[in-house]
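Source file: coords_6.txt; contents: compact mmCIF, C-alpha atoms.
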# COMPACT_ATOMS: atom_id res chain seq x y z
CA MET J 1 10.08 -22.07 18.60
CA SER J 2 12.13 -19.06 19.69
CA THR J 3 10.25 -16.01 20.96
CA ASP J 4 13.25 -13.82 21.71
CA VAL J 5 13.22 -10.09 21.10
CA ILE J 6 16.62 -8.71 20.15
CA ALA J 7 17.00 -4.95 20.30
CA THR J 8 19.98 -3.84 18.20
CA ASP J 9 21.36 -1.04 16.08
CA LYS J 10 23.71 -3.37 14.20
CA GLU J 11 22.60 -4.17 10.65
CA GLU J 12 24.38 -7.54 10.62
CA VAL J 13 22.29 -8.61 13.64
CA ALA J 14 18.96 -6.99 12.72
CA PHE J 15 18.86 -8.20 9.10
CA LYS J 16 20.49 -11.63 9.52
CA ASP J 17 18.53 -14.46 7.82
CA LEU J 18 15.20 -12.62 7.89
CA ASP J 19 12.01 -14.24 6.59
CA VAL J 20 10.03 -11.00 6.92
CA ALA J 21 11.25 -7.41 7.23
CA ILE J 22 8.77 -4.70 8.23
CA LEU J 23 10.41 -1.33 7.60
CA VAL J 24 8.48 1.07 9.81
CA GLY J 25 11.02 3.81 10.41
CA SER J 26 11.25 6.78 8.07
CA MET J 27 11.91 10.48 8.34
CA PRO J 28 8.51 12.07 9.06
CA ARG J 29 7.48 15.20 7.26
CA ARG J 30 8.07 18.26 9.40
CA GLU J 31 6.53 21.69 9.22
CA GLY J 32 7.98 23.71 6.36
CA MET J 33 9.39 20.61 4.63
CA GLU J 34 8.73 20.14 0.94
CA ARG J 35 8.05 16.63 -0.39
CA LYS J 36 11.44 16.60 -2.15
CA ASP J 37 13.18 17.26 1.21
CA LEU J 38 11.29 14.29 2.63
CA LEU J 39 12.28 12.11 -0.34
CA LYS J 40 15.93 13.11 -0.02
CA ALA J 41 16.08 12.21 3.69
CA ASN J 42 14.33 8.89 3.12
CA VAL J 43 16.40 7.81 0.11
CA LYS J 44 19.41 7.66 2.44
CA ILE J 45 17.52 5.52 4.99
CA PHE J 46 16.00 3.07 2.52
CA LYS J 47 19.14 2.76 0.40
CA SER J 48 20.97 1.67 3.55
CA GLN J 49 18.20 -0.75 4.60
CA GLY J 50 17.96 -2.21 1.10
CA ALA J 51 21.71 -2.80 1.03
CA ALA J 52 21.55 -4.48 4.47
CA LEU J 53 18.74 -6.76 3.29
CA ASP J 54 20.78 -7.62 0.19
CA LYS J 55 23.78 -8.51 2.31
CA TYR J 56 22.28 -10.31 5.31
CA ALA J 57 18.65 -11.42 4.76
CA LYS J 58 17.39 -14.59 3.08
CA LYS J 59 16.82 -14.13 -0.65
CA SER J 60 13.23 -15.27 -0.04
CA VAL J 61 12.61 -12.45 2.48
CA LYS J 62 9.29 -10.61 2.22
CA VAL J 63 9.84 -6.89 2.72
CA ILE J 64 6.95 -4.64 3.77
CA VAL J 65 7.55 -0.89 3.79
CA VAL J 66 5.37 1.18 6.11
CA GLY J 67 7.42 4.37 6.56
CA ASN J 68 6.21 7.20 4.32
CA PRO J 69 6.41 8.08 1.49
CA ALA J 70 5.91 4.31 1.50
CA ASN J 71 5.66 3.56 -2.25
CA THR J 72 8.83 5.39 -3.23
CA ASN J 73 10.71 4.26 -0.10
CA CYS J 74 9.83 0.68 -1.05
CA LEU J 75 11.08 1.18 -4.61
CA THR J 76 14.33 2.67 -3.25
CA ALA J 77 14.87 -0.32 -0.94
CA SER J 78 14.18 -2.75 -3.78
CA LYS J 79 16.63 -1.01 -6.14
CA SER J 80 19.24 -1.18 -3.36
CA ALA J 81 18.76 -4.95 -2.95
CA PRO J 82 19.34 -6.30 -6.48
CA SER J 83 19.76 -9.93 -5.38
CA ILE J 84 16.25 -10.09 -3.83
CA PRO J 85 13.34 -10.48 -6.30
CA LYS J 86 11.53 -7.16 -6.73
CA GLU J 87 8.21 -9.00 -6.28
CA ASN J 88 9.25 -9.65 -2.66
CA PHE J 89 8.88 -5.94 -1.87
CA SER J 90 5.50 -4.41 -1.07
CA CYS J 91 4.27 -1.30 0.68
CA LEU J 92 1.33 -0.86 2.99
CA THR J 93 -1.91 0.43 1.50
CA ARG J 94 -3.96 -1.95 3.66
CA LEU J 95 -4.72 0.84 6.14
CA ASP J 96 -6.44 2.78 3.33
CA HIS J 97 -8.13 -0.44 2.16
CA ASN J 98 -9.47 -1.09 5.67
CA ARG J 99 -10.63 2.53 5.97
CA ALA J 100 -12.52 2.26 2.68
CA LYS J 101 -14.26 -0.92 3.89
CA ALA J 102 -15.14 0.78 7.18
CA GLN J 103 -16.69 3.82 5.46
CA ILE J 104 -18.93 1.59 3.33
CA ALA J 105 -19.85 -0.55 6.35
CA LEU J 106 -20.79 2.53 8.41
CA LYS J 107 -22.95 3.88 5.62
CA LEU J 108 -24.83 0.58 5.24
CA GLY J 109 -24.99 -0.38 8.92
CA VAL J 110 -23.02 -3.62 8.50
CA THR J 111 -19.61 -4.75 9.77
CA ALA J 112 -16.39 -4.16 7.82
CA ASN J 113 -16.13 -7.96 7.42
CA ASP J 114 -19.31 -7.83 5.32
CA VAL J 115 -17.53 -5.67 2.72
CA LYS J 116 -14.95 -7.11 0.33
CA ASN J 117 -12.98 -6.31 -2.82
CA VAL J 118 -12.54 -2.58 -2.41
CA ILE J 119 -9.40 -1.36 -4.19
CA ILE J 120 -6.84 1.28 -3.36
CA TRP J 121 -5.08 2.33 -6.56
CA GLY J 122 -1.76 4.15 -6.65
CA ASN J 123 0.14 6.09 -4.05
CA HIS J 124 -0.26 6.00 -0.27
CA SER J 125 -0.89 9.75 -0.36
CA SER J 126 -3.83 12.08 -0.87
CA THR J 127 -3.88 11.15 -4.60
CA GLN J 128 -4.73 7.50 -3.87
CA TYR J 129 -7.96 6.34 -5.46
CA PRO J 130 -10.32 4.23 -3.33
CA ASP J 131 -12.46 2.33 -5.83
CA VAL J 132 -15.64 0.37 -4.96
CA ASN J 133 -16.83 -0.32 -8.51
CA HIS J 134 -15.97 -4.01 -8.00
CA ALA J 135 -16.71 -4.23 -4.26
CA LYS J 136 -19.39 -6.43 -2.77
CA VAL J 137 -21.33 -6.21 0.48
CA LYS J 138 -23.27 -8.90 2.32
CA LEU J 139 -26.81 -7.72 3.04
CA GLN J 140 -29.39 -10.07 4.55
CA GLY J 141 -27.28 -13.07 3.60
CA LYS J 142 -26.85 -11.99 -0.05
CA GLU J 143 -23.82 -10.45 -1.75
CA VAL J 144 -24.61 -7.34 -3.77
CA GLY J 145 -22.50 -4.70 -5.47
CA VAL J 146 -21.71 -1.67 -3.30
CA TYR J 147 -23.01 0.80 -5.91
CA GLU J 148 -26.25 -1.18 -6.13
CA ALA J 149 -26.56 -1.41 -2.33
CA LEU J 150 -25.91 2.28 -1.63
CA LYS J 151 -27.65 3.92 -4.59
CA ASP J 152 -25.65 7.07 -3.85
CA ASP J 153 -23.23 7.71 -6.71
CA SER J 154 -22.45 11.29 -5.69
CA TRP J 155 -21.30 10.18 -2.19
CA LEU J 156 -19.22 7.31 -3.62
CA LYS J 157 -17.50 9.61 -6.14
CA GLY J 158 -17.17 12.56 -3.75
CA GLU J 159 -17.16 12.45 0.04
CA PHE J 160 -16.23 8.74 0.25
CA VAL J 161 -13.11 9.25 -1.90
CA THR J 162 -11.90 12.37 -0.05
CA THR J 163 -12.62 10.85 3.40
CA VAL J 164 -10.41 7.82 2.65
CA GLN J 165 -7.72 9.98 0.99
CA GLN J 166 -7.53 12.37 3.95
CA ARG J 167 -8.25 9.99 6.83
CA GLY J 168 -4.65 10.04 8.08
CA ALA J 169 -4.61 13.83 8.31
CA ALA J 170 -8.00 13.82 10.06
CA VAL J 171 -6.73 11.36 12.70
CA ILE J 172 -3.62 13.48 13.34
CA LYS J 173 -5.77 16.58 13.68
CA ALA J 174 -8.10 14.85 16.15
CA ARG J 175 -5.52 13.15 18.40
CA LYS J 176 -2.31 15.05 17.54
CA LEU J 177 -0.73 11.69 16.68
CA SER J 178 -0.97 9.28 13.77
CA SER J 179 -3.20 6.20 13.82
CA ALA J 180 -0.83 3.74 15.47
CA MET J 181 -3.31 0.97 16.37
CA SER J 182 -5.12 0.83 13.01
CA ALA J 183 -1.75 0.97 11.21
CA ALA J 184 -0.50 -1.95 13.32
CA LYS J 185 -3.67 -3.90 12.52
CA ALA J 186 -3.19 -3.17 8.80
CA ILE J 187 0.44 -4.39 8.94
CA CYS J 188 -0.74 -7.65 10.56
CA ASP J 189 -3.46 -8.07 7.89
CA HIS J 190 -0.94 -7.43 5.10
CA VAL J 191 1.69 -9.87 6.44
CA ARG J 192 -0.90 -12.56 7.28
CA ASP J 193 -2.21 -12.46 3.70
CA ILE J 194 1.31 -12.69 2.24
CA TRP J 195 2.05 -15.67 4.47
CA PHE J 196 -1.24 -17.57 4.36
CA GLY J 197 -2.87 -16.26 1.18
CA THR J 198 -6.07 -14.36 0.47
CA PRO J 199 -9.47 -16.00 1.03
CA GLU J 200 -11.11 -17.56 -2.02
CA GLY J 201 -13.01 -14.95 -4.03
CA GLU J 202 -11.39 -12.00 -2.26
CA PHE J 203 -8.62 -9.62 -3.23
CA VAL J 204 -6.69 -7.02 -1.26
CA SER J 205 -4.76 -3.82 -2.00
CA MET J 206 -0.98 -3.73 -1.86
CA GLY J 207 1.72 -1.47 -3.23
CA VAL J 208 3.71 -3.73 -5.58
CA ILE J 209 5.96 -3.32 -8.60
CA SER J 210 4.11 -2.62 -11.86
CA ASP J 211 5.00 -4.58 -14.99
CA GLY J 212 3.73 -2.05 -17.55
CA ASN J 213 1.00 -4.47 -18.69
CA SER J 214 -1.65 -4.04 -16.00
CA TYR J 215 -4.30 -1.32 -15.99
CA GLY J 216 -2.24 1.17 -17.99
CA VAL J 217 0.18 1.81 -15.11
CA PRO J 218 3.71 2.66 -16.28
CA ASP J 219 6.40 0.00 -15.87
CA ASP J 220 8.59 -0.07 -12.74
CA LEU J 221 6.38 2.00 -10.45
CA LEU J 222 5.60 0.85 -6.92
CA TYR J 223 1.81 1.24 -7.25
CA SER J 224 -1.10 -0.10 -5.22
CA PHE J 225 -3.09 -2.73 -7.13
CA PRO J 226 -5.72 -5.34 -6.30
CA VAL J 227 -3.92 -8.65 -5.76
CA VAL J 228 -4.63 -12.23 -4.80
CA ILE J 229 -2.01 -14.24 -2.94
CA LYS J 230 -1.27 -17.96 -2.91
CA ASN J 231 1.88 -19.80 -1.78
CA LYS J 232 3.40 -16.48 -0.62
CA THR J 233 3.18 -15.16 -4.22
CA TRP J 234 0.93 -12.29 -5.28
CA LYS J 235 -0.74 -11.90 -8.65
CA PHE J 236 -2.58 -8.94 -10.13
CA VAL J 237 -6.35 -9.28 -10.32
CA GLU J 238 -6.67 -8.91 -14.08
CA GLY J 239 -9.49 -7.87 -16.37
CA LEU J 240 -11.52 -5.56 -14.13
CA PRO J 241 -13.36 -3.00 -16.29
CA ILE J 242 -12.17 0.57 -15.64
CA ASN J 243 -14.57 3.46 -16.28
CA ASP J 244 -13.53 7.00 -17.27
CA PHE J 245 -13.85 8.37 -13.71
CA SER J 246 -11.52 5.65 -12.39
CA ARG J 247 -9.08 6.02 -15.29
CA GLU J 248 -8.60 9.71 -14.55
CA LYS J 249 -7.98 9.08 -10.83
CA MET J 250 -5.61 6.16 -11.52
CA ASP J 251 -3.57 8.24 -14.00
CA LEU J 252 -3.34 11.16 -11.57
CA THR J 253 -1.82 9.06 -8.80
CA ALA J 254 0.52 7.34 -11.32
CA LYS J 255 1.74 10.77 -12.41
CA GLU J 256 2.55 11.70 -8.79
CA LEU J 257 4.43 8.43 -8.29
CA THR J 258 6.42 8.95 -11.50
CA GLU J 259 7.49 12.40 -10.30
CA GLU J 260 8.40 11.02 -6.85
CA LYS J 261 10.42 8.24 -8.44
CA GLU J 262 12.35 10.67 -10.65
CA THR J 263 13.17 12.93 -7.67
CA ALA J 264 14.17 10.00 -5.44
CA PHE J 265 16.38 8.42 -8.12
CA GLU J 266 18.25 11.69 -8.61
CA PHE J 267 19.11 11.53 -4.90
CA LEU J 268 19.77 7.77 -5.09
CA SER J 269 22.39 8.14 -7.81
CA SER J 270 24.17 10.85 -5.82
CA ALA J 271 23.72 9.26 -2.34

Would you mind writing the structure in this file as structure tokens?
Amino acid sequence: MSTDVIATDKEEVAFKDLDVAILVGSMPRREGMERKDLLKANVKIFKSQGAALDKYAKKSVKVIVVGNPANTNCLTASKSAPSIPKENFSCLTRLDHNRAKAQIALKLGVTANDVKNVIIWGNHSSTQYPDVNHAKVKLQGKEVGVYEALKDDSWLKGEFVTTVQQRGAAVIKARKLSSAMSAAKAICDHVRDIWFGTPEGEFVSMGVISDGNSYGVPDDLLYSFPVVIKNKTWKFVEGLPINDFSREKMDLTAKELTEEKETAFEFLSSA
């Protein structure tokens, strides 16, 4: 088994016969930049990377987009690689997923491994919706619903949601840098689950392409859903009941993604 590291700026070398591509690099948002400026700069990057994947990588390649705005960057890369199945593209919302688990674990005095089936819906932005309506926690050897375990609806619908939504900004404020280690851990979790599958009875959050039939999310958006994975293939977790509070939050983040997509595609057609 080869363990070589090849540092290169040549697309034909970097993208040749890839099994997995982790696209970390993007143009970061700078002071005074509007989101549309950020989208314009990143469309150019991810159009080029998508085209390189299309040309050089295996058609079975699994592409994980980390660079922000991750959902729309991922959609841009996918559109620029028409010969690779769109289901092979996903973006990272596992960092948010892990943060949501950690917040619940801290509140209940358990480990993050004792919490499962939280969901991040939508965009990897401050409109994302961390949902624990279907989450379970292991307490004294028994699995119970998170709402039942916490008995604190106002925290779960208020401070918990905003803490997860704004965690990235809070980390930057505290250390003047983004959360590199927890992001790296989330990337490893995401890729491991794609490769080896999700544990029985558990689902994870991933930004994947919507089909227009799941949870009222418009077709052809790169949206974070709960998924299960087997044989390197993800499937939506279907049939979860959605209450009015969740519906409103899920629609709000879908609206933001639709607007981002429209802006990015204007740039894509002219790039």

Give me, as a list in words, all polymer residues having an atom no more than 12 Å from J:Lys138, counting all atoms listed in the file and skipping those fewer than 4 positions away in the same chain.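 The neighbour list is Ile104, Ala105, Leu108, Gly109, Val110, Thr111, Ala112, Asn113, Asp114, Val115, Lys116, Asn117, Lys142, Glu143, Val144, Gly145, Val146, Glu148 and Ala149 of chain J.
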
One decimal, Å: what's the distance from atom CA of J:Val61 over to atom CA of J:Ala183, could you say? 21.5 Å

Proximity to J:Asp251 - best of J:Phe236, J:Tyr223, J:Phe267, J:Tyr56, only C-alpha atoms: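 Nearest candidate to J:Asp251 out of J:Phe236, J:Tyr223, J:Phe267, J:Tyr56: J:Tyr223.
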
Rounded to one decimal, what separation in Å do you get between atom CA of J:Lys79 and atom CA of J:Ser269?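 Separation of atom CA of J:Lys79 and atom CA of J:Ser269: 10.9 Å.
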
Between atom CA of J:Asp152 and atom CA of J:His134, what distance in Å does the model show, to one decimal?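 Going from atom CA of J:Asp152 over to atom CA of J:His134, I get 15.3 Å.
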
Give the answer as one residue: which of J:Pro130, J:Gly207, J:Pro82, J:Gly216 has the shortest atom-to-atom distance to J:Trp234, using all atoms listed in the file?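 Closest residue, counting all atoms listed in the file: J:Gly207.
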
J:Asn73 surroundings by all atoms listed in the file, 9 Å radius, close-in-sequence under 5 positions cut, as a ChimeraX atom specification: /J:26,39,42-43,45-47,65-68,78,91,264

Using only C-alpha atoms for the distances, tell me which of J:Val164, J:Leu156, J:Val227, J:Leu268 is nearest to J:Phe245.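 Looking only at the distances to J:Phe245, the closest residue turns out to be J:Leu156.
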
Quick one: stretch 218-233 of chain J with N, CA, C and O atoms, as a PDB file, in the frame of the given file?
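Wrote result_13.pdb, looks like this:
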ATOM      1  N   PRO J 218       2.361   2.756 -15.722  1.00  0.00           N
ATOM      2  CA  PRO J 218       3.710   2.660 -16.280  1.00  0.00           C
ATOM      3  C   PRO J 218       4.569   1.598 -15.600  1.00  0.00           C
ATOM      4  O   PRO J 218       4.386   1.303 -14.412  1.00  0.00           O
ATOM      5  N   ASP J 219       5.482   1.041 -16.361  1.00  0.00           N
ATOM      6  CA  ASP J 219       6.400   0.000 -15.870  1.00  0.00           C
ATOM      7  C   ASP J 219       7.268   0.534 -14.736  1.00  0.00           C
ATOM      8  O   ASP J 219       7.636   1.715 -14.697  1.00  0.00           O
ATOM      9  N   ASP J 220       7.587  -0.350 -13.785  1.00  0.00           N
ATOM     10  CA  ASP J 220       8.590  -0.070 -12.740  1.00  0.00           C
ATOM     11  C   ASP J 220       8.169   1.044 -11.775  1.00  0.00           C
ATOM     12  O   ASP J 220       8.992   1.811 -11.310  1.00  0.00           O
ATOM     13  N   LEU J 221       6.867   1.126 -11.520  1.00  0.00           N
ATOM     14  CA  LEU J 221       6.380   2.000 -10.450  1.00  0.00           C
ATOM     15  C   LEU J 221       5.921   1.118  -9.300  1.00  0.00           C
ATOM     16  O   LEU J 221       5.372   0.040  -9.521  1.00  0.00           O
ATOM     17  N   LEU J 222       6.113   1.572  -8.078  1.00  0.00           N
ATOM     18  CA  LEU J 222       5.600   0.850  -6.920  1.00  0.00           C
ATOM     19  C   LEU J 222       4.195   1.416  -6.661  1.00  0.00           C
ATOM     20  O   LEU J 222       4.046   2.485  -6.069  1.00  0.00           O
ATOM     21  N   TYR J 223       3.177   0.717  -7.115  1.00  0.00           N
ATOM     22  CA  TYR J 223       1.810   1.240  -7.250  1.00  0.00           C
ATOM     23  C   TYR J 223       0.863   0.273  -6.549  1.00  0.00           C
ATOM     24  O   TYR J 223       1.058  -0.940  -6.609  1.00  0.00           O
ATOM     25  N   SER J 224      -0.138   0.785  -5.890  1.00  0.00           N
ATOM     26  CA  SER J 224      -1.100  -0.100  -5.220  1.00  0.00           C
ATOM     27  C   SER J 224      -2.109  -0.659  -6.212  1.00  0.00           C
ATOM     28  O   SER J 224      -2.757   0.093  -6.943  1.00  0.00           O
ATOM     29  N   PHE J 225      -2.199  -1.987  -6.231  1.00  0.00           N
ATOM     30  CA  PHE J 225      -3.090  -2.730  -7.130  1.00  0.00           C
ATOM     31  C   PHE J 225      -3.961  -3.681  -6.300  1.00  0.00           C
ATOM     32  O   PHE J 225      -3.600  -4.024  -5.173  1.00  0.00           O
ATOM     33  N   PRO J 226      -5.031  -4.194  -6.903  1.00  0.00           N
ATOM     34  CA  PRO J 226      -5.720  -5.340  -6.300  1.00  0.00           C
ATOM     35  C   PRO J 226      -4.932  -6.612  -6.604  1.00  0.00           C
ATOM     36  O   PRO J 226      -4.543  -6.845  -7.757  1.00  0.00           O
ATOM     37  N   VAL J 227      -4.687  -7.415  -5.570  1.00  0.00           N
ATOM     38  CA  VAL J 227      -3.920  -8.650  -5.760  1.00  0.00           C
ATOM     39  C   VAL J 227      -4.602  -9.811  -5.050  1.00  0.00           C
ATOM     40  O   VAL J 227      -5.350  -9.619  -4.084  1.00  0.00           O
ATOM     41  N   VAL J 228      -4.319 -11.003  -5.539  1.00  0.00           N
ATOM     42  CA  VAL J 228      -4.630 -12.230  -4.800  1.00  0.00           C
ATOM     43  C   VAL J 228      -3.300 -12.906  -4.492  1.00  0.00           C
ATOM     44  O   VAL J 228      -2.325 -12.749  -5.237  1.00  0.00           O
ATOM     45  N   ILE J 229      -3.270 -13.646  -3.390  1.00  0.00           N
ATOM     46  CA  ILE J 229      -2.010 -14.240  -2.940  1.00  0.00           C
ATOM     47  C   ILE J 229      -2.199 -15.715  -2.646  1.00  0.00           C
ATOM     48  O   ILE J 229      -3.166 -16.117  -1.991  1.00  0.00           O
ATOM     49  N   LYS J 230      -1.276 -16.509  -3.168  1.00  0.00           N
ATOM     50  CA  LYS J 230      -1.270 -17.960  -2.910  1.00  0.00           C
ATOM     51  C   LYS J 230       0.184 -18.406  -2.867  1.00  0.00           C
ATOM     52  O   LYS J 230       1.003 -17.948  -3.681  1.00  0.00           O
ATOM     53  N   ASN J 231       0.501 -19.287  -1.930  1.00  0.00           N
ATOM     54  CA  ASN J 231       1.880 -19.800  -1.780  1.00  0.00           C
ATOM     55  C   ASN J 231       2.899 -18.660  -1.668  1.00  0.00           C
ATOM     56  O   ASN J 231       3.951 -18.682  -2.310  1.00  0.00           O
ATOM     57  N   LYS J 232       2.527 -17.638  -0.890  1.00  0.00           N
ATOM     58  CA  LYS J 232       3.400 -16.480  -0.620  1.00  0.00           C
ATOM     59  C   LYS J 232       3.744 -15.681  -1.896  1.00  0.00           C
ATOM     60  O   LYS J 232       4.731 -14.940  -1.930  1.00  0.00           O
ATOM     61  N   THR J 233       2.934 -15.862  -2.946  1.00  0.00           N
ATOM     62  CA  THR J 233       3.180 -15.160  -4.220  1.00  0.00           C
ATOM     63  C   THR J 233       1.920 -14.389  -4.606  1.00  0.00           C
ATOM     64  O   THR J 233       0.828 -14.955  -4.658  1.00  0.00           O
TER      65      THR J 233
END
